[in-house]
Every structure is written in structure tokens, then in C-alpha cells.
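Participant: Structure in C-alpha cells, see below.
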Amino acid sequence: SIPISTKSAVLPTTTTTTTTSLRTDIALAAKPKNRSKKGIKKASLATTTTNEEDGNNIPPNLRRKVDAKRPPLGHVIPAATKKGRKGGSSNPILRPQGKAREAGMNNPSNLRIMAGTARGRRLDSPEVFLRPMMGKVREAVYSTFTSFGLYDSGKMTRHLDIFSGSGSVGLESLSRGAAHCTFVDMSQDCCNAVTRNLQWCNFDNVQDGGSQGAVYCGEAIQALRHPESYGIPTLRPYQIVTLCPPYEEIVYADLLEAVANSVLVTDDTIILVEYPVELGCMPHVIAREDGGALVGVRNRKYGRTVIAMYIVNPSGNMEAANSRPEEFVSI
């Protein structure tokens with residue numbers, strides 16, 4: 001067997017290694033920091049359980065839809081849900097404020113860019129009901145992305161934002177230095193909002209022969225499996241893929257299988273998956289159809305939201321994105 005670095009899991013290149021032994025080697029290769037004996041025992045048990053799963057390594061809890069209801073929190077209240085009377089705590093009148101209001105922008109929750117060249121820019125929201133990634137979660141996510149070196153000077157990072165909504169996740173990436181972001185959402189209202197926000201943040205420019213942002217209206221799994229069906233170019237893969245789906249409307253197993261085997265990802269692509277605590281825990285390693293794997297590097301809980309990050313076929317070049325099996329034991 002080929003030795004694996006303790007800082008980053010490097011996939012063996014031999015084709016004779018089985019998927020099961022590959023997953024075991026990757027899970028045991030990491031050298032977690034400050035782990036107790038109890039934590040090591042739990043991780044070992046989790047690895048054993050994982051190896052007993054079926055070949056595609058997706059546990060049963062991810063193969064069914066999850067019940068994870070969340071209150072609107074006043075971000076956007078669709079007209080169809082209003083009770084007819086005006087005002088009041090149960091039926092607030094939400095209006096954009098300041099310059100955003102003058103521009104005709106709908107931003108009742110003060111959704112804005114947090115850092116970078118467009119810092120402080122308020123973002124337009126679609127009329128459909130959505131729950132954008134919380135500000136504290138977005139800040140933590142991009143702090144991690146930055147530590148991975150994804151926004152280093154001279155780095156031409158391409159970002160794929162699936163379930164983009166208003167586009168806040170991908171726009172934050174552009175603001176921090178991403179060269180390009182592709183936005184995908186099945187709602188035309190959301191796609192229109194993203195287009196407006198690209199213009200509002202001055203990210204509708206053309207650089208190095210390509211635009212900074214591209215918006216496609218389509219279904220997420222179809223876009224990952226067959227991007228050409230929506231006109232998404234496949235010649236240049238992405239270094240970041242973010243998946244922030246509506247919790248109760250998708251089956252996570254289908255989503256993970258689609259992104260793991262997508263032609264849009266390549267070695268060392270970082271994949272982020274947002275999911276609710278009600279779903280249980282994501283697996284540490286997700287097998288690919290070509291014998292490769294997605295290796296878990298982060299799995300952090302923020303209230304009732306959990307953010308999992310994976311690296312595709314880690315080469316060892318991204319040292320900060322080291323395998324952390326201890327974070328995928330429980331939430």
C-alpha cells in the first residue's frame with residue numbers, strides 16, 4: 001500500500017485497491033488534533049460501521065427526505081401567506097431601507113456582502129420564500145475557504161453555487177477574490193435576483209475572456225449530472241461547489257451521488273453541503289463511481305444548521321484541508 005500523509009489524505013493511484021480498503025485507509029490516515037481515547041474509540045467504531053455499508057457508502061438516513069421545519073424569521077413573507085391585515089407582529093410589513101429602497105431593492109433582512117471588494121453591498125431578494133445562509137455561518141465558511149488558500153493572489157478559483165437563491169454565497173466568493181461564479185437555481189425569480197445582484201455589486205464585468213458571473217435556471221441534480229443540458233460549460237471544472245438546498249425538498253443521498261460523480265469537479269475541489277441537525281451525521285468518506293472519493297475535512301454545527309466540507313481526490317497540495325474523521329462521528 002502507498003503511505004498517506006497525516007496532514008492531507010492522498011488517494012492511492014493503484015487501480016487494484018478496493019473501495020472499502022480505500023475508505024478505511026483514508027479514514028485512518030488522518031492524525032486528528034487533541035483527540036481523547038474516547039474520541040478515538042468512537043471514530044474507530046464509526047469507520048467499522050461505514051465499511052459495512054453498501055458499496056456507495058451512503059447511509060440510510062440520507063436516503064429519505066428529512067422533516068426539518070423552520071420558521072420564516074421575517075426574511076421574505078410570500079404574499080400568499082399573508083393574513084390580509086396590515087402590520088402586527090404576526091404579519092409584519094417588510095420594506096427595504098435607505099439607498100436600497102431608493103433603488104427598488106427588496107432586502108427586508110439586510111442581507112449583504114460581508115467582506116472583500118463589495119463589502120457592505122446590500123443584496124436583492126426574490127419574492128419566493130427562502131432561508132439564506134446565516135451571516136455567522138457564511139463568515140465561518142469563508143474563513144475556512146481562505147485558510148485553504150482558495151483566494152490567494154494569482155489563484156483563479158471558479159465557484160459553482162447550486163441552490164443559489166439570492167446568490168449571497170457565490171457573490172461573497174466573488175467579493176473575496178474568486179475569478180468566476182456560476183449560479184444555478186430552479187426558480188426564475190431567484191435567477192433574476194442573482195442577475196440584479198451581480199450588476200449591483202459590479203460583478204457583471206468580463207475578465208480574461210469570460211464573465212465573472214453566469215446564471216442558469218435548472219434543477220440541481222440534472223445540472224450536476226448533465227450540465228450540458230442547461231448549457232453549462234464542462235471544459236473548466238470548479239474549485240468550489242456549494243450546496244445549500246431547501247432541507248425538506250431534496251434527498252441528500254441523490255445530491256451527494258450527483259456532485260461526487262459530476263464532470264464539474266476535479267482533484268482537490270472543495271464541496272460544501274449545508275444540512276439540518278435532524279438529518280443526522282454525514283459520512284466521512286463518499287465513494288465515487290471511478291474509484292476515487294470525497295474525503296471529509298470539516299463538519300461543524302451552528303445552531304440547527306450543519307456545514308460539511310469535502311475534498312475530491314485529495315492530492316496533498318492543499319495541506320490545510322486535512323482529513324478529520326473525528327468531526328464526522330456525531331453532531
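Simple scheme: letters A, B, ... for chains in C-alpha cells order, numbers from 1 for residues in each chain, numbers from 1 for ligands in the order shown.
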Determine, counting only C-alpha atoms, which protein, DNA and RNA residues have an atom within 8 Å of an atom of A:Trp200; residues of the same chain fewer than 4 positions away are not included. Present the result as a PyMOL selection string.
Facilitator: chain A and resi 121+123+196
Participant: Show me, as a VMD selection string, the residues that have an atom within 9 Å of stretch 181-193 of chain A when counting only C-alpha atoms, minus same-chain residues fewer than 5 positions from it.
Facilitator: chain A and resid 123 to 128 157 to 167 170 to 171 173 to 174 198 211 to 220 223 232 238
Participant: Can you tell me, as a ChimeraX atom specification, which residues in stretch 134-282 of chain A count as strand (DSSP E) by DSSP?
Facilitator: /A:158-162,180-185,206-207,210-211,213-217,238-243,265-276
Participant: Store the residues picked out above in a file with C-alpha atoms, as a compact mmCIF listing (two decimals), in the first residue's frame.
Facilitator:
```txt
# COMPACT_ATOMS: atom_id res chain seq x y z
CA ARG A 158 -14.02 29.03 -10.03
CA HIS A 159 -17.10 28.63 -7.83
CA LEU A 160 -20.31 26.71 -8.56
CA ASP A 161 -23.23 27.86 -6.37
CA ILE A 162 -26.13 25.39 -6.54
CA HIS A 180 -15.81 33.32 -11.64
CA CYS A 181 -19.03 32.01 -10.12
CA THR A 182 -21.77 30.00 -11.82
CA PHE A 183 -25.18 30.26 -10.14
CA VAL A 184 -27.86 27.56 -10.54
CA ASP A 185 -31.41 27.70 -9.21
CA VAL A 206 -15.79 40.41 -18.49
CA GLN A 207 -12.32 39.27 -17.44
CA GLY A 210 -15.04 35.17 -19.57
CA SER A 211 -17.64 36.87 -17.38
CA GLY A 213 -20.82 35.50 -13.15
CA ALA A 214 -23.17 33.23 -15.10
CA VAL A 215 -26.74 32.34 -14.10
CA TYR A 216 -28.61 29.18 -15.15
CA CYS A 217 -32.19 28.24 -14.32
CA TYR A 238 -14.70 24.24 -10.41
CA GLN A 239 -12.53 24.56 -7.30
CA ILE A 240 -15.51 25.27 -5.01
CA VAL A 241 -19.02 23.79 -5.12
CA THR A 242 -21.59 24.97 -2.56
CA LEU A 243 -24.85 23.11 -1.99
CA VAL A 265 -15.47 18.73 -10.12
CA THR A 266 -11.82 17.74 -10.23
CA ASP A 267 -9.00 16.73 -7.88
CA ASP A 268 -8.90 19.00 -4.79
CA THR A 269 -12.31 20.57 -5.47
CA ILE A 270 -13.86 21.65 -2.17
CA ILE A 271 -17.55 20.71 -1.84
CA LEU A 272 -19.70 22.33 0.84
CA VAL A 273 -23.02 20.76 1.89
CA GLU A 274 -25.41 22.54 4.25
CA TYR A 275 -27.82 20.24 6.10
CA PRO A 276 -30.08 20.27 9.19
```
Participant: Can you tell me, as a PyMOL selection string, what residues are no more than 9 Å from stretch 146-153 of chain A when counting only C-alpha atoms, ignoring any on the same chain fewer than 6 positions away?
Facilitator: chain A and resi 173+176-178+239-240+318-321
Participant: Could those residues be written to a file, using N, CA, C and O atoms, as a CSV table (one decimal), in the first residue's frame?
Facilitator:
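The resulting file, out-v1.csv, is shown below:
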```csv
chain,number,residue,atom,x,y,z
A,173,SER,N,-18.1,35.0,-2.5
A,173,SER,CA,-16.9,34.4,-3.0
A,173,SER,C,-16.3,35.3,-4.0
A,173,SER,O,-15.0,35.5,-4.0
A,176,ARG,N,-14.5,38.1,-2.4
A,176,ARG,CA,-13.3,37.8,-1.7
A,176,ARG,C,-12.1,37.4,-2.7
A,176,ARG,O,-11.0,37.1,-2.2
A,177,GLY,N,-12.4,37.3,-4.0
A,177,GLY,CA,-11.4,37.0,-4.9
A,177,GLY,C,-11.6,35.9,-5.9
A,177,GLY,O,-10.6,35.6,-6.7
A,178,ALA,N,-12.7,35.2,-5.9
A,178,ALA,CA,-13.0,34.2,-6.9
A,178,ALA,C,-13.0,34.8,-8.3
A,178,ALA,O,-13.4,35.9,-8.5
A,239,GLN,N,-13.3,24.8,-8.5
A,239,GLN,CA,-12.5,24.6,-7.3
A,239,GLN,C,-13.4,24.6,-6.0
A,239,GLN,O,-13.0,24.1,-5.0
A,240,ILE,N,-14.6,25.2,-6.1
A,240,ILE,CA,-15.5,25.3,-5.0
A,240,ILE,C,-16.9,24.9,-5.5
A,240,ILE,O,-17.3,25.5,-6.6
A,318,MET,N,-3.2,20.7,-0.9
A,318,MET,CA,-3.9,21.7,-0.1
A,318,MET,C,-3.8,21.2,1.4
A,318,MET,O,-4.7,20.5,1.9
A,319,GLU,N,-2.7,21.5,2.1
A,319,GLU,CA,-2.4,21.0,3.4
A,319,GLU,C,-3.4,21.3,4.4
A,319,GLU,O,-3.7,20.6,5.3
A,320,ALA,N,-4.0,22.5,4.4
A,320,ALA,CA,-5.0,22.9,5.4
A,320,ALA,C,-6.2,22.1,5.3
A,320,ALA,O,-7.0,22.0,6.3
A,321,ALA,N,-6.5,21.6,4.2
A,321,ALA,CA,-7.8,20.8,4.0
A,321,ALA,C,-7.4,19.3,4.4
A,321,ALA,O,-7.5,18.4,3.5
```
Participant: To one decimal place in Å, what is the distance between atom CA of A:Pro314 and atom CA of A:Thr144?
Facilitator: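 The value is 16.6 Å.
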Participant: Run DSSP on the backbone and give me the residues of stretch 73-299 of chain A it puts in helix (DSSP H, G or I), as an MDAnalysis selection string.
Facilitator: chainID A and resid 79:81 98:102 135:147 168:176 188:200 220:225 227:230 247:249 252:260 277:279
Participant: Identify, on the basis of only C-alpha atoms, every residue whose closest approach to A:Ala118 does not exceed 8 Å; exclude the query and any residue fewer than 4 positions from it along the same chain; express the result as a list in words.
Facilitator: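 Close residues of A:Ala118: Ile113, Ser175 and Cys201 of chain A.
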Participant: Just the selected residues (N, CA and C atoms), exported as a PDB file, in the first residue's frame, please.
Facilitator:
```pdb
ATOM      1  N   ILE A 113     -23.104  41.680   1.520  1.00  0.00           N
ATOM      2  CA  ILE A 113     -21.773  41.107   1.383  1.00  0.00           C
ATOM      3  C   ILE A 113     -20.971  41.461   2.633  1.00  0.00           C
ATOM      4  N   SER A 175     -16.573  38.514  -4.171  1.00  0.00           N
ATOM      5  CA  SER A 175     -16.075  39.669  -3.450  1.00  0.00           C
ATOM      6  C   SER A 175     -14.723  39.389  -2.807  1.00  0.00           C
ATOM      7  N   CYS A 201     -23.422  44.682  -7.547  1.00  0.00           N
ATOM      8  CA  CYS A 201     -22.096  44.538  -6.941  1.00  0.00           C
ATOM      9  C   CYS A 201     -20.957  44.730  -7.937  1.00  0.00           C
TER      10      CYS A 201
END
```
Participant: Which residues come within 12 Å of A:Glu139, counting only C-alpha atoms, excluding same-chain residues fewer than 4 positions away, as a PyMOL selection string?
Facilitator: chain A and resi 112-116+133-135+143-146+168-169+172-173+176+302
Participant: Keeping only N, CA, C and O atoms, write the selected residues to a file as a JSON list (two decimals), in the first residue's frame.
Facilitator:
```
[["chain", "number", "residue", "atom", "x", "y", "z"],
["A", 112, "ARG", "N", -26.36, 41.13, 3.08],
["A", 112, "ARG", "CA", -25.32, 41.93, 2.47],
["A", 112, "ARG", "C", -24.03, 41.16, 2.35],
["A", 112, "ARG", "O", -23.84, 40.12, 2.99],
["A", 113, "ILE", "N", -23.10, 41.68, 1.52],
["A", 113, "ILE", "CA", -21.77, 41.11, 1.38],
["A", 113, "ILE", "C", -20.97, 41.46, 2.63],
["A", 113, "ILE", "O", -20.98, 42.61, 3.09],
["A", 114, "MET", "N", -20.25, 40.50, 3.19],
["A", 114, "MET", "CA", -19.60, 40.69, 4.48],
["A", 114, "MET", "C", -18.15, 41.16, 4.37],
["A", 114, "MET", "O", -17.62, 41.78, 5.30],
["A", 115, "ALA", "N", -17.46, 40.83, 3.27],
["A", 115, "ALA", "CA", -16.04, 41.20, 3.17],
["A", 115, "ALA", "C", -15.63, 41.25, 1.70],
["A", 115, "ALA", "O", -16.35, 40.76, 0.83],
["A", 116, "GLY", "N", -14.47, 41.85, 1.45],
["A", 116, "GLY", "CA", -13.95, 41.89, 0.09],
["A", 116, "GLY", "C", -14.26, 43.18, -0.64],
["A", 116, "GLY", "O", -14.63, 44.19, -0.05],
["A", 133, "MET", "N", -28.14, 31.44, 3.90],
["A", 133, "MET", "CA", -27.16, 31.05, 4.91],
["A", 133, "MET", "C", -26.96, 32.19, 5.90],
["A", 133, "MET", "O", -26.78, 33.34, 5.52],
["A", 134, "MET", "N", -27.02, 31.87, 7.20],
["A", 134, "MET", "CA", -26.86, 32.88, 8.24],
["A", 134, "MET", "C", -25.51, 33.58, 8.13],
["A", 134, "MET", "O", -24.51, 32.98, 7.73],
["A", 135, "GLY", "N", -25.48, 34.85, 8.53],
["A", 135, "GLY", "CA", -24.26, 35.63, 8.42],
["A", 135, "GLY", "C", -23.08, 35.01, 9.16],
["A", 135, "GLY", "O", -21.97, 34.94, 8.64],
["A", 143, "SER", "N", -13.95, 32.00, 6.10],
["A", 143, "SER", "CA", -12.71, 31.96, 6.85],
["A", 143, "SER", "C", -11.98, 30.64, 6.58],
["A", 143, "SER", "O", -10.76, 30.62, 6.39],
["A", 144, "THR", "N", -12.75, 29.55, 6.51],
["A", 144, "THR", "CA", -12.17, 28.25, 6.21],
["A", 144, "THR", "C", -11.68, 28.19, 4.77],
["A", 144, "THR", "O", -10.56, 27.72, 4.50],
["A", 145, "PHE", "N", -12.49, 28.66, 3.84],
["A", 145, "PHE", "CA", -12.06, 28.69, 2.43],
["A", 145, "PHE", "C", -10.76, 29.48, 2.26],
["A", 145, "PHE", "O", -9.86, 29.08, 1.51],
["A", 146, "THR", "N", -10.67, 30.60, 2.96],
["A", 146, "THR", "CA", -9.46, 31.42, 2.87],
["A", 146, "THR", "C", -8.25, 30.67, 3.42],
["A", 146, "THR", "O", -7.15, 30.73, 2.85],
["A", 168, "SER", "N", -26.21, 35.04, -2.45],
["A", 168, "SER", "CA", -25.33, 35.60, -1.42],
["A", 168, "SER", "C", -24.06, 34.79, -1.22],
["A", 168, "SER", "O", -22.99, 35.36, -0.95],
["A", 169, "VAL", "N", -24.14, 33.47, -1.35],
["A", 169, "VAL", "CA", -22.96, 32.63, -1.13],
["A", 169, "VAL", "C", -21.93, 32.83, -2.24],
["A", 169, "VAL", "O", -20.75, 33.07, -1.99],
["A", 172, "GLU", "N", -20.46, 36.44, -2.30],
["A", 172, "GLU", "CA", -19.43, 36.60, -1.26],
["A", 172, "GLU", "C", -18.09, 36.07, -1.74],
["A", 172, "GLU", "O", -17.03, 36.66, -1.49],
["A", 173, "SER", "N", -18.14, 34.97, -2.48],
["A", 173, "SER", "CA", -16.92, 34.37, -3.03],
["A", 173, "SER", "C", -16.27, 35.30, -4.05],
["A", 173, "SER", "O", -15.05, 35.50, -4.04],
["A", 176, "ARG", "N", -14.50, 38.14, -2.40],
["A", 176, "ARG", "CA", -13.26, 37.79, -1.70],
["A", 176, "ARG", "C", -12.14, 37.36, -2.66],
["A", 176, "ARG", "O", -11.04, 37.06, -2.20],
["A", 302, "TYR", "N", -23.81, 24.81, 13.65],
["A", 302, "TYR", "CA", -24.11, 26.18, 14.02],
["A", 302, "TYR", "C", -25.60, 26.25, 14.34],
["A", 302, "TYR", "O", -26.42, 26.42, 13.44]]
```
Participant: Quick one: distance from atom CA of A:Ser330 to atom CA of A:Asn261 in Å, one decimal?
Facilitator: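 It comes out at 25.6 Å.
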